[in-house]
Amino acid sequence: MATKKIEVVIPPREPHFVGDGFRVHNFIPSAYRLDMQRMSPFIMLDYNSKFYFPPTDTPRGVGVHPHRGFETVTIAYKGKVAHHDSSGGGGVIGEGDVQWMTAASGVLHKEYHEENFSKQGGDFQMVQLWINLPAKDKMSKPKYQAIQNKSINRFHLENKNGEIEVISGEYKGIKGAASTFTPVNMLNAKMNKGAKTDFNFPANYNTALLVIEGSILVNEAGQAPTDHFVLFENQGENFTVEALENAVVLILSAEPIHEPIAAQGPFVMNTKAEIIQAINDFNLGKFGFLED
C-alpha cells in the first residue's frame with residue numbers, strides 16, 4: 001500500500017486574540033497554500049495552544065455572533081468553555097469533550113470561559129474547526145451534538161501504549177461518536193513515548209495532523225514538534241506516527257467537497273448572492289435571538 005507522504009510541516013503563526021478569551025494560531029486558511037479548498041471540508045482551524053489565563057470574575061470569551069453554511073467543532077484539551085446558540089443548543093465542555101454545532105441555515109452563537117474556570121484561572125488549550133457543508137445541506141435545520149469524552153469510542157494500542165479517540169469517522173473498525181454530512185475522520189491519538197501506529201485514508205482525502213502535546217516522527221522520517229501542523233500530499237493511503245515523547249495528536253482526514261466557496265466573515269456559502277442573502281437575513285433577525 002502506497003505511503004501518504006508529508007507535503008510540509010508548518011510552524012505556528014503569530015497568535016492573535018478572538019474576542020478576549022481565545023489566543024489562537026490560525027492554520028487554515030494560512031499562507032502556505034492552505035486556502036479553504038486545499039483542506040476542504042476543513043475550511044478553518046484555529047488553535048489555542050496551551051496558555052495560562054489568570055483568575056477573573058468576568059468570564060473571557062466571544063460575544064454573540066452569527067454563523068451560516070457550515071459546522072463549528074470545538075475540542076477541549078485544557079480548561080472549560082460554556083456556550084449557547086439561538087437554536088437552543090448549549091452547555092459546558094471540559095477536558096476531552098467536543099462541541100459539534102451545525103449552524104447550517106443560521107444561528108447566533110456565543111462562547112466564553114466557564115464561570116468557575118474563569119474565577120480559578122488556569123491553562124487553556126482548545127482547537128476550533130469550521131467544517132463546510134455541501135450545497136444541498138447548507139440551509140438545513142441547525143443542530144447540536146454534545147460529545148462528552150466518556151462517550152467517545154476508543155481503539156486501544158498494544159501494550160497499553162495509548163489510545164485513539166474516534167470523534168468522527170472510523171479507525172480500525174471503531175466508529176466515531178459524531179454524525180457528519182460528508183465523510184470526516186477526526187481522531188485524537190494519545191500515545192506514550194515510543195508508541196507507534198498506522199493510519200489509512202483514501203488518497204484523495206485531504207489529510208493533516210496537529211501536534212497538541214509532545215513530538216512525533218511521521219513515516220519514520222519527518223519530525224514534527226509541539227504545536228506544528230503536518231499537511232500530507234494527496235497521494236498514497238498509509239502513514240505511520242511514532243511518539244518521540246508522550247504525545248497528543250489531532251488527526252484530520254476528509255473527503256473534499258468539490259463545490260465553489262463564497263465566504264465572508266461568519267458566512268460560508270457557494271455564491272456571492274447567497275452571502276448577500278445571509279447578511280440580509282441576519283439583519284432582519286432571521287437567525288433568532290440570543291442575549292449577549
# chains A, B, ... in the order shown; residues from 1 in each chain; ligands from 1

$ residues_around --residues "Val92 in chain A" --least-positions-apart "2" --cutoff "10 Å" --atoms "only C-alpha atoms" --output "list in words"
Lys80, Val81, Ala82, His83, His84, Gly90, Gly94, Asp97, Val98, Gln99, Glu111, Tyr112, His113, Glu114, Glu115, Ala146 and Gln148 of chain A

$ residues_around --residues "Ser86 in chain A" --least-positions-apart "2" --cutoff "8 Å" --atoms "only C-alpha atoms" --output "list of chain:residue names"
A:His84, A:Gly88, A:Gly89, A:Val107, A:Leu108, A:His109, A:Phe287, A:Gly288, A:Phe289, A:Leu290

$ closest_residue --among "A:Pro11, A:Gly21, A:Gly222, A:Gly285" --to "Leu244 in chain A" --atoms "only C-alpha atoms"
A:Gly222

$ select_by_dssp --residues "range 173-202 of chain A" --states "strand (DSSP E or B)" --output "number ranges by chain"
A: 174-175, 184-191, 196-200

$ write_last_selection --atoms "all heavy atoms" --output "compact mmCIF listing (two decimals), in the first residue's frame"
# COMPACT_ATOMS: atom_id res chain seq x y z
N ILE A 174 -13.48 0.96 14.67
CA ILE A 174 -14.13 1.71 15.75
C ILE A 174 -14.82 2.93 15.14
O ILE A 174 -14.18 3.74 14.48
CB ILE A 174 -13.12 2.15 16.82
CG1 ILE A 174 -12.35 0.94 17.37
CG2 ILE A 174 -13.82 2.91 17.94
CD1 ILE A 174 -13.20 -0.05 18.12
N LYS A 175 -16.11 3.07 15.38
CA LYS A 175 -16.90 4.16 14.79
C LYS A 175 -16.85 5.42 15.66
O LYS A 175 -16.79 5.34 16.89
CB LYS A 175 -18.36 3.72 14.62
CG LYS A 175 -18.56 2.49 13.76
CD LYS A 175 -18.44 2.81 12.29
CE LYS A 175 -18.83 1.61 11.44
NZ LYS A 175 -18.70 1.89 9.99
N VAL A 184 -15.94 12.46 7.25
CA VAL A 184 -14.97 13.25 8.02
C VAL A 184 -14.38 12.37 9.11
O VAL A 184 -15.10 11.90 9.99
CB VAL A 184 -15.63 14.49 8.66
CG1 VAL A 184 -14.63 15.24 9.54
CG2 VAL A 184 -16.19 15.43 7.60
N ASN A 185 -13.08 12.16 9.05
CA ASN A 185 -12.37 11.42 10.11
C ASN A 185 -11.67 12.43 11.01
O ASN A 185 -10.87 13.25 10.54
CB ASN A 185 -11.34 10.47 9.50
CG ASN A 185 -11.97 9.39 8.66
OD1 ASN A 185 -12.52 8.43 9.18
ND2 ASN A 185 -11.90 9.55 7.34
N MET A 186 -11.96 12.35 12.29
CA MET A 186 -11.36 13.24 13.28
C MET A 186 -10.99 12.38 14.48
O MET A 186 -11.86 11.83 15.14
CB MET A 186 -12.35 14.35 13.67
CG MET A 186 -11.77 15.46 14.50
SD MET A 186 -13.00 16.73 14.92
CE MET A 186 -13.50 17.29 13.28
N LEU A 187 -9.69 12.28 14.74
CA LEU A 187 -9.19 11.37 15.76
C LEU A 187 -8.22 12.10 16.69
O LEU A 187 -7.44 12.94 16.25
CB LEU A 187 -8.43 10.19 15.12
CG LEU A 187 -9.00 9.54 13.87
CD1 LEU A 187 -7.98 8.59 13.26
CD2 LEU A 187 -10.28 8.79 14.20
N ASN A 188 -8.25 11.73 17.96
CA ASN A 188 -7.23 12.16 18.91
C ASN A 188 -6.36 10.96 19.22
O ASN A 188 -6.82 9.98 19.82
CB ASN A 188 -7.86 12.67 20.21
CG ASN A 188 -8.05 14.16 20.23
OD1 ASN A 188 -7.25 14.91 19.66
ND2 ASN A 188 -9.11 14.63 20.88
N ALA A 189 -5.09 11.02 18.80
CA ALA A 189 -4.14 9.95 19.13
C ALA A 189 -3.40 10.35 20.39
O ALA A 189 -2.67 11.35 20.40
CB ALA A 189 -3.18 9.74 17.97
N LYS A 190 -3.60 9.58 21.45
CA LYS A 190 -2.93 9.84 22.73
C LYS A 190 -1.94 8.69 22.96
O LYS A 190 -2.33 7.57 23.27
CB LYS A 190 -3.96 9.93 23.86
CG LYS A 190 -4.93 11.09 23.65
CD LYS A 190 -5.95 11.22 24.76
CE LYS A 190 -6.82 12.45 24.57
NZ LYS A 190 -7.85 12.60 25.65
N MET A 191 -0.65 9.01 22.75
CA MET A 191 0.37 7.97 22.64
C MET A 191 1.48 8.16 23.67
O MET A 191 1.96 9.28 23.89
CB MET A 191 0.96 7.99 21.22
CG MET A 191 -0.08 7.86 20.12
SD MET A 191 0.58 8.19 18.46
CE MET A 191 1.72 6.81 18.28
N LYS A 196 3.93 3.46 18.45
CA LYS A 196 3.88 3.66 17.00
C LYS A 196 2.61 3.03 16.46
O LYS A 196 2.26 1.91 16.84
CB LYS A 196 5.12 3.04 16.33
CG LYS A 196 5.22 3.28 14.84
CD LYS A 196 6.50 2.66 14.30
CE LYS A 196 6.62 2.84 12.80
NZ LYS A 196 7.87 2.22 12.26
N THR A 197 1.92 3.74 15.60
CA THR A 197 0.72 3.19 14.99
C THR A 197 0.56 3.73 13.58
O THR A 197 1.26 4.67 13.18
CB THR A 197 -0.53 3.50 15.85
OG1 THR A 197 -1.63 2.73 15.38
CG2 THR A 197 -0.89 4.98 15.80
N ASP A 198 -0.33 3.09 12.82
CA ASP A 198 -0.51 3.48 11.43
C ASP A 198 -1.92 4.00 11.20
O ASP A 198 -2.86 3.67 11.94
CB ASP A 198 -0.23 2.30 10.50
CG ASP A 198 -1.21 1.16 10.70
OD1 ASP A 198 -1.19 0.54 11.79
OD2 ASP A 198 -1.99 0.87 9.78
N PHE A 199 -2.05 4.80 10.17
CA PHE A 199 -3.34 5.37 9.76
C PHE A 199 -3.50 5.15 8.27
O PHE A 199 -2.52 5.15 7.52
CB PHE A 199 -3.40 6.86 10.10
CG PHE A 199 -3.28 7.15 11.57
CD1 PHE A 199 -2.03 7.31 12.16
CD2 PHE A 199 -4.40 7.25 12.37
CE1 PHE A 199 -1.90 7.56 13.52
CE2 PHE A 199 -4.29 7.50 13.73
CZ PHE A 199 -3.04 7.66 14.30
N ASN A 200 -4.75 4.98 7.85
CA ASN A 200 -5.01 4.71 6.45
C ASN A 200 -6.25 5.46 6.00
O ASN A 200 -7.34 5.27 6.55
CB ASN A 200 -5.21 3.20 6.24
CG ASN A 200 -5.36 2.83 4.79
OD1 ASN A 200 -6.44 2.98 4.22
ND2 ASN A 200 -4.28 2.37 4.18

$ residues_around --residues "Leu231 in chain A" --least-positions-apart "2" --cutoff "9 Å" --atoms "only C-alpha atoms" --output "list in words"
Lys5, Ile6, Glu7, Val8, Val9, Ile10, Met39, Asn206, Thr207, Ala208, Leu209, Leu210, Phe229 and Glu233 of chain A

$ residues_around --residues "Gly176 in chain A" --least-positions-apart "6" --cutoff "10 Å" --atoms "only C-alpha atoms" --output "list in words"
Ser151, Ile152, Asn153, Arg154, Glu165, Val166, Ile167, Ser168, Gly169, Glu170, Val184, Asn185, Met186 and Leu187 of chain A

$ residues_around --residues "Ile43 in chain A" --least-positions-apart "3" --cutoff "7 Å" --atoms "only C-alpha atoms" --output "list of chain:residue names"
A:Ile28, A:Pro29, A:Met36, A:Met39, A:Ser40, A:Trp130, A:Ile131, A:Asn132

$ residues_around --residues "Met269 in chain A" --least-positions-apart "3" --cutoff "6 Å" --atoms "only C-alpha atoms" --output "PDB file with N, CA and C atoms, in the first residue's frame"
ATOM      1  N   GLY A  69     -24.016  28.115   6.999  1.00  0.00           N
ATOM      2  CA  GLY A  69     -23.439  27.377   5.885  1.00  0.00           C
ATOM      3  C   GLY A  69     -22.412  26.320   6.240  1.00  0.00           C
ATOM      4  N   ILE A 261     -16.743  27.992  -3.211  1.00  0.00           N
ATOM      5  CA  ILE A 261     -16.837  28.545  -1.865  1.00  0.00           C
ATOM      6  C   ILE A 261     -16.881  30.064  -1.956  1.00  0.00           C
ATOM      7  N   ALA A 262     -17.938  30.633  -1.396  1.00  0.00           N
ATOM      8  CA  ALA A 262     -18.027  32.085  -1.223  1.00  0.00           C
ATOM      9  C   ALA A 262     -18.088  32.335   0.282  1.00  0.00           C
TER      10      ALA A 262
END

$ closest_residue --among "A:Tyr77, A:Phe181, A:Phe53, A:Phe155" --to "Pro41 in chain A" --atoms "only C-alpha atoms"
A:Phe181

$ closest_residue --among "A:Val211, A:Val24, A:Ile75, A:Ile279" --to "Asn48 in chain A" --atoms "only C-alpha atoms"
A:Val24

$ decode --residues "range 197-211 of chain A" --atoms "N, CA, C and O atoms" --output "PDB file, in the first residue's frame"
ATOM      1  N   THR A 197       1.925   3.739  15.597  1.00  0.00           N
ATOM      2  CA  THR A 197       0.715   3.188  14.992  1.00  0.00           C
ATOM      3  C   THR A 197       0.564   3.727  13.579  1.00  0.00           C
ATOM      4  O   THR A 197       1.265   4.666  13.180  1.00  0.00           O
ATOM      5  N   ASP A 198      -0.331   3.094  12.824  1.00  0.00           N
ATOM      6  CA  ASP A 198      -0.509   3.483  11.427  1.00  0.00           C
ATOM      7  C   ASP A 198      -1.920   4.004  11.196  1.00  0.00           C
ATOM      8  O   ASP A 198      -2.857   3.671  11.935  1.00  0.00           O
ATOM      9  N   PHE A 199      -2.055   4.804  10.170  1.00  0.00           N
ATOM     10  CA  PHE A 199      -3.336   5.374   9.762  1.00  0.00           C
ATOM     11  C   PHE A 199      -3.501   5.151   8.268  1.00  0.00           C
ATOM     12  O   PHE A 199      -2.518   5.150   7.519  1.00  0.00           O
ATOM     13  N   ASN A 200      -4.745   4.980   7.853  1.00  0.00           N
ATOM     14  CA  ASN A 200      -5.014   4.708   6.448  1.00  0.00           C
ATOM     15  C   ASN A 200      -6.249   5.465   6.001  1.00  0.00           C
ATOM     16  O   ASN A 200      -7.339   5.265   6.550  1.00  0.00           O
ATOM     17  N   PHE A 201      -6.092   6.351   5.015  1.00  0.00           N
ATOM     18  CA  PHE A 201      -7.202   7.126   4.467  1.00  0.00           C
ATOM     19  C   PHE A 201      -7.069   7.156   2.945  1.00  0.00           C
ATOM     20  O   PHE A 201      -5.957   7.065   2.409  1.00  0.00           O
ATOM     21  N   PRO A 202      -8.171   7.290   2.220  1.00  0.00           N
ATOM     22  CA  PRO A 202      -8.096   7.338   0.757  1.00  0.00           C
ATOM     23  C   PRO A 202      -7.156   8.441   0.268  1.00  0.00           C
ATOM     24  O   PRO A 202      -7.019   9.489   0.888  1.00  0.00           O
ATOM     25  N   ALA A 203      -6.515   8.177  -0.875  1.00  0.00           N
ATOM     26  CA  ALA A 203      -5.506   9.098  -1.411  1.00  0.00           C
ATOM     27  C   ALA A 203      -6.070  10.485  -1.666  1.00  0.00           C
ATOM     28  O   ALA A 203      -5.373  11.487  -1.484  1.00  0.00           O
ATOM     29  N   ASN A 204      -7.330  10.563  -2.092  1.00  0.00           N
ATOM     30  CA  ASN A 204      -7.899  11.868  -2.451  1.00  0.00           C
ATOM     31  C   ASN A 204      -8.384  12.658  -1.246  1.00  0.00           C
ATOM     32  O   ASN A 204      -8.726  13.831  -1.368  1.00  0.00           O
ATOM     33  N   TYR A 205      -8.447  12.039  -0.066  1.00  0.00           N
ATOM     34  CA  TYR A 205      -8.892  12.767   1.122  1.00  0.00           C
ATOM     35  C   TYR A 205      -7.840  13.805   1.510  1.00  0.00           C
ATOM     36  O   TYR A 205      -6.636  13.544   1.448  1.00  0.00           O
ATOM     37  N   ASN A 206      -8.299  14.975   1.907  1.00  0.00           N
ATOM     38  CA  ASN A 206      -7.387  15.991   2.450  1.00  0.00           C
ATOM     39  C   ASN A 206      -7.050  15.598   3.882  1.00  0.00           C
ATOM     40  O   ASN A 206      -7.943  15.456   4.725  1.00  0.00           O
ATOM     41  N   THR A 207      -5.750  15.430   4.134  1.00  0.00           N
ATOM     42  CA  THR A 207      -5.291  14.827   5.386  1.00  0.00           C
ATOM     43  C   THR A 207      -4.207  15.668   6.026  1.00  0.00           C
ATOM     44  O   THR A 207      -3.299  16.168   5.348  1.00  0.00           O
ATOM     45  N   ALA A 208      -4.297  15.828   7.343  1.00  0.00           N
ATOM     46  CA  ALA A 208      -3.309  16.607   8.090  1.00  0.00           C
ATOM     47  C   ALA A 208      -3.342  16.168   9.546  1.00  0.00           C
ATOM     48  O   ALA A 208      -4.250  15.436   9.975  1.00  0.00           O
ATOM     49  N   LEU A 209      -2.355  16.603  10.289  1.00  0.00           N
ATOM     50  CA  LEU A 209      -2.379  16.374  11.731  1.00  0.00           C
ATOM     51  C   LEU A 209      -1.793  17.587  12.437  1.00  0.00           C
ATOM     52  O   LEU A 209      -1.005  18.346  11.868  1.00  0.00           O
ATOM     53  N   LEU A 210      -2.205  17.756  13.692  1.00  0.00           N
ATOM     54  CA  LEU A 210      -1.730  18.851  14.536  1.00  0.00           C
ATOM     55  C   LEU A 210      -1.183  18.247  15.817  1.00  0.00           C
ATOM     56  O   LEU A 210      -1.888  17.481  16.496  1.00  0.00           O
ATOM     57  N   VAL A 211       0.063  18.584  16.134  1.00  0.00           N
ATOM     58  CA  VAL A 211       0.697  18.051  17.339  1.00  0.00           C
ATOM     59  C   VAL A 211       0.294  18.921  18.533  1.00  0.00           C
ATOM     60  O   VAL A 211       0.748  20.052  18.671  1.00  0.00           O
TER      61      VAL A 211
END
